[in-house]
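Dumped data_13.cif below, it's mmCIF, C-alpha atoms:
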data_input
loop_
_atom_site.label_atom_id
_atom_site.label_comp_id
_atom_site.auth_asym_id
_atom_site.auth_seq_id
_atom_site.Cartn_x
_atom_site.Cartn_y
_atom_site.Cartn_z
CA MET A 225 -1.88 9.61 17.97
CA ASN A 226 1.66 9.57 16.72
CA ARG A 227 3.22 11.48 13.87
CA SER A 228 2.75 8.63 11.38
CA THR A 229 -1.00 8.50 11.99
CA LEU A 230 -1.38 12.25 11.67
CA VAL A 231 0.44 12.15 8.34
CA ALA A 232 -1.49 9.09 7.14
CA ILE A 233 -4.97 10.58 7.37
CA PRO A 234 -4.62 13.48 4.88
CA ILE A 235 -2.35 11.56 2.51
CA LEU A 236 -4.61 8.52 2.38
CA LEU A 237 -7.74 10.66 2.06
CA ILE A 238 -6.28 12.38 -1.01
CA LEU A 239 -5.18 9.02 -2.45
CA VAL A 240 -8.59 7.41 -1.85
CA ILE A 241 -10.35 10.26 -3.64
CA LEU A 242 -7.81 10.03 -6.48
CA GLN A 243 -8.21 6.26 -6.71
CA VAL A 244 -12.01 6.12 -6.74
CA SER A 245 -12.58 9.15 -8.96
CA VAL A 246 -9.72 9.63 -11.43
CA LEU A 247 -7.79 6.37 -11.63
CA THR A 248 -10.87 4.21 -12.21
CA VAL A 249 -11.67 6.05 -15.44
CA LEU A 250 -8.00 6.27 -16.55
CA PRO A 251 -6.72 2.69 -16.36
CA PHE A 252 -3.07 1.99 -17.16
CA LEU A 253 -2.63 -1.11 -19.35
CA GLY A 254 -6.23 -2.00 -18.53
CA GLN A 255 -5.57 -1.99 -14.77
CA VAL A 256 -6.47 0.51 -12.08
CA ILE A 257 -3.49 1.68 -10.05
CA GLN A 258 -4.07 1.10 -6.31
CA PRO A 259 -2.19 3.99 -4.63
CA VAL A 260 -3.72 3.41 -1.20
CA VAL A 261 -2.59 -0.21 -1.11
CA LEU A 262 0.84 0.63 -2.50
CA CYS A 263 1.42 3.48 -0.04
CA ALA A 264 0.42 1.33 2.92
CA ILE A 265 2.81 -1.40 1.76
CA ALA A 266 5.59 1.13 1.11
CA TRP A 267 5.15 2.81 4.50
CA GLY A 268 5.27 -0.58 6.19
CA MET A 269 8.47 -1.40 4.32
CA LEU A 270 9.97 1.95 5.36
CA ARG A 271 8.74 2.34 8.95
CA GLY A 272 7.98 -1.18 10.15
CA LEU A 273 5.00 -3.35 10.87
CA SER A 274 3.12 -1.17 13.35
CA ASP A 275 3.15 1.98 11.20
CA GLY A 276 2.34 -0.03 8.07
CA LEU A 277 -0.64 -1.69 9.75
CA VAL A 278 -1.97 1.69 10.88
CA TRP A 279 -1.75 3.01 7.31
CA ALA A 280 -3.39 -0.17 5.97
CA PHE A 281 -6.22 -0.01 8.51
CA ILE A 282 -6.95 3.68 7.88
CA GLY A 283 -6.67 3.31 4.10
CA GLY A 284 -8.83 0.20 4.09
CA LEU A 285 -11.58 1.85 6.10
CA MET A 286 -11.51 4.87 3.79
CA LEU A 287 -11.77 2.59 0.75
CA ASP A 288 -14.64 0.73 2.42
CA LEU A 289 -16.58 3.98 2.49
CA PHE A 290 -16.65 3.89 -1.32
CA SER A 291 -17.19 0.14 -1.63
CA ILE A 292 -20.32 -1.97 -1.62
CA GLY A 293 -18.42 -4.96 -0.26
CA PRO A 294 -18.33 -6.15 3.34
CA TRP A 295 -17.15 -3.55 5.84
CA GLY A 296 -13.53 -4.18 6.85
CA ALA A 297 -12.68 -6.51 3.97
CA GLN A 298 -10.30 -4.02 2.37
CA SER A 299 -8.61 -3.29 5.71
CA LEU A 300 -8.12 -6.96 6.48
CA ALA A 301 -6.70 -7.77 3.04
CA MET A 302 -4.47 -4.70 3.10
CA MET A 303 -3.17 -5.40 6.62
CA ILE A 304 -2.24 -8.98 5.71
CA SER A 305 -0.48 -7.72 2.56
CA VAL A 306 1.48 -5.13 4.56
CA ALA A 307 2.51 -7.76 7.10
CA LEU A 308 3.72 -9.97 4.24
CA ALA A 309 5.70 -7.08 2.72
CA VAL A 310 7.34 -6.22 6.06
CA TRP A 311 8.26 -9.87 6.58
CA ILE A 312 9.78 -10.11 3.09
CA VAL A 313 11.78 -6.90 3.60
CA SER A 314 13.10 -8.15 6.93
CA THR A 315 14.50 -11.28 5.28
CA LEU A 316 16.24 -9.51 2.39
CA PRO A 317 19.54 -7.63 2.31
CA PRO A 318 19.41 -3.82 2.08
CA ARG A 319 17.03 -2.57 -0.58
CA ARG A 320 17.98 -1.75 -4.11
CA PHE A 321 16.06 0.56 -6.43
CA TRP A 322 13.84 -2.11 -8.02
CA ILE A 323 13.24 -4.42 -5.03
CA PRO A 324 10.31 -2.35 -3.64
CA GLY A 325 8.58 -2.65 -7.02
CA ILE A 326 8.76 -6.43 -7.00
CA ILE A 327 7.66 -6.70 -3.38
CA GLY A 328 4.89 -4.14 -3.94
CA GLY A 329 3.63 -5.95 -7.02
CA MET A 330 3.58 -9.30 -5.22
CA CYS A 331 1.85 -7.91 -2.15
CA ALA A 332 -0.69 -6.02 -4.29
CA VAL A 333 -1.55 -9.32 -6.01
CA CYS A 334 -1.83 -10.90 -2.56
CA TYR A 335 -4.18 -8.07 -1.55
CA LEU A 336 -6.30 -8.64 -4.67
CA LEU A 337 -6.56 -12.40 -4.08
CA LEU A 338 -7.35 -11.96 -0.38
CA LEU A 339 -10.00 -9.33 -1.09
CA THR A 340 -11.57 -11.53 -3.76
CA GLY A 341 -11.58 -14.49 -1.35
CA ILE A 342 -13.14 -12.46 1.46
CA ILE A 343 -15.85 -11.17 -0.87
CA GLN A 344 -16.47 -14.70 -2.18
CA ILE A 345 -17.19 -16.10 1.28
CA SER A 346 -19.27 -13.11 2.35
CA PRO A 347 -22.99 -12.84 1.70
CA TYR A 348 -22.22 -10.25 -0.97
CA GLY A 349 -20.47 -12.81 -3.15
CA SER A 350 -19.07 -12.01 -6.55
CA HIS A 351 -18.08 -13.72 -9.71
CA ILE A 352 -14.45 -14.69 -10.02
CA SER A 353 -14.61 -13.52 -13.64
CA SER A 354 -14.73 -9.93 -12.37
CA MET A 355 -11.17 -10.22 -11.00
CA PRO A 356 -8.54 -8.49 -13.15
CA ASP A 357 -5.81 -10.47 -14.88
CA VAL A 358 -3.05 -11.04 -12.33
CA GLY A 359 -0.09 -10.66 -14.73
CA PRO A 360 -0.79 -7.11 -15.93
CA PHE A 361 -2.01 -6.22 -12.42
CA PHE A 362 1.41 -7.23 -11.02
CA VAL A 363 3.27 -5.22 -13.67
CA VAL A 364 1.17 -2.05 -13.22
CA GLN A 365 1.26 -2.16 -9.42
CA GLY A 366 4.96 -3.04 -9.35
CA THR A 367 5.98 -0.17 -11.62
CA SER A 368 3.73 2.24 -9.71
CA MET A 369 5.19 1.01 -6.43
CA VAL A 370 8.65 2.27 -7.35
CA LEU A 371 7.29 5.82 -7.61
CA PHE A 372 5.24 5.66 -4.40
CA TYR A 373 8.04 3.97 -2.44
CA TRP A 374 10.64 6.61 -3.26
CA LEU A 375 8.21 9.50 -2.67
CA LEU A 376 7.39 8.07 0.74
CA PHE A 377 11.11 7.49 1.34
CA LEU A 378 11.62 11.25 0.90
CA LEU A 379 8.66 11.94 3.22
CA ARG A 380 10.15 9.63 5.85
CA GLN A 381 13.50 11.41 5.58
CA THR A 382 11.69 14.72 6.15
CA LEU A 383 9.54 13.54 9.06
CA TYR A 384 12.16 11.38 10.74
CA PRO A 385 15.60 12.87 10.02
CA PRO A 386 18.54 10.71 11.08
CA GLU A 387 19.87 11.47 14.51
CA ILE A 388 23.19 13.25 14.61
CA THR A 389 25.53 11.54 17.01
CA GLY A 390 29.05 12.25 17.94
CA THR A 391 31.28 13.36 20.74
CA GLY A 392 31.58 16.92 19.53
CA LEU A 393 34.73 18.97 19.11
#

Full structure transcribed into structure tokens:
Amino acid sequence: MNRSTLVAIPILLILVILQVSVLTVLPFLGQVIQPVVLCAIAWGMLRGLSDGLVWAFIGGLMLDLFSIGPWGAQSLAMMISVALAVWIVSTLPPRRFWIPGIIGGMCAVCYLLLLTGIIQISPYGSHISSMPDVGPFFVVQGTSMVLFYWLLFLLRQTLYPPEITGTGL
């Protein structure tokens, strides 16, 4: 296990408990903030594809523990969304303050659509009418992403300080 995995487990466990207990009864603009999804996307944007996929897999499995849907559906949807976010970040110039919010909102919508599709084709099935409105979902997740991204940016700076190079005196 590397440092990223050891950090992911307690952070994602706290976020899963927060998401399934507090945030579901306190919606923001009628939408539930998805901190586990947003943190996995943000960590992938900050640390690369492999670390982001690890966070998405762990977070998805933890969310599956509280879900009645098919086992692994949340992990699969989250991992695809993280891969999309990492690909988008790799094609853009250096990040600005608001870019992570837009990418996070888009990838959260992608996660929602993928999860809905996976549940639709599974034996569990669901009604498409139970899916939240995509517009407000994008806005809520995108604005929340800015907060999570910059908090994880500070965590990354603490865990992985830049190397000091030079020839000395």

Nearest to Met330 (chain A) by atom-to-atom distance, counting all atoms listed in the file, from A:Tyr384, A:Pro347, A:Val261, A:Leu300: A:Val261

Residues within 9 Å of Gly254 (chain A), only C-alpha atoms, excluding chain neighbours under 6 positions, as an MDAnalysis selection string: chainID A and resid 356 360:361

Residues within 12 Å of region 275-282 of chain A, only C-alpha atoms, excluding chain neighbours under 3 positions, as a VMD selection string: chain A and resid 225 to 237 239 to 240 259 to 272 285 to 289 295 to 311 335 380

Residue with smallest distance to Gln258 (chain A) - pool A:Met369, A:Ile323, A:Leu378, A:Cys334, counting only C-alpha atoms: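 Smallest distance to Gln258 (chain A) is found for A:Met369.
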
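The closest residue to Gly325 (chain A), picked from A:Gln255, A:Thr382, A:Thr248, A:Thr367 and counting only C-alpha atoms, is A:Thr367.
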
A:Ile312, A:Ala332, A:Leu339, A:Ile257 ranked by distance to Ser245 (chain A), top pick (using all atoms listed in the file):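 Distance minimum relative to Ser245 (chain A) lands on A:Ile257.
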
Nearest residue to Ile343 (chain A) from the set A:Leu242, A:Ile292, A:Val363, A:Ile327 (distances using all atoms listed in the file):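 Answer, going by the shortest atom-to-atom distance: A:Ile292.
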
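Between CA of Ile345 (chain A) and CA of Gln365 (chain A) the interatomic distance comes to 25.5 Å.
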
For CA of Leu375 (chain A) and CA of Gly283 (chain A), the interatomic separation in Å (one decimal):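 Taking CA of Leu375 (chain A) and CA of Gly283 (chain A), their separation equals 17.5 Å.
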
From A:Val256, A:Leu376, A:Ile238, A:Val370, residue lying nearest Trp322 (chain A) [all atoms listed in the file]: A:Val370

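Take CA of Ser314 (chain A) and CA of Leu273 (chain A): the distance between them is 10.2 Å.
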
Build an axis-aligned box that encloses every atom of region 295-306 of chain A listed in the file, pad it by 5 Å on each side, and report its centre and edge lengths in Å to one decimal, as AutoDock Vina command-line options.
--center_x -7.8 --center_y -6.1 --center_z 4.6 --size_x 28.6 --size_y 15.7 --size_z 14.5
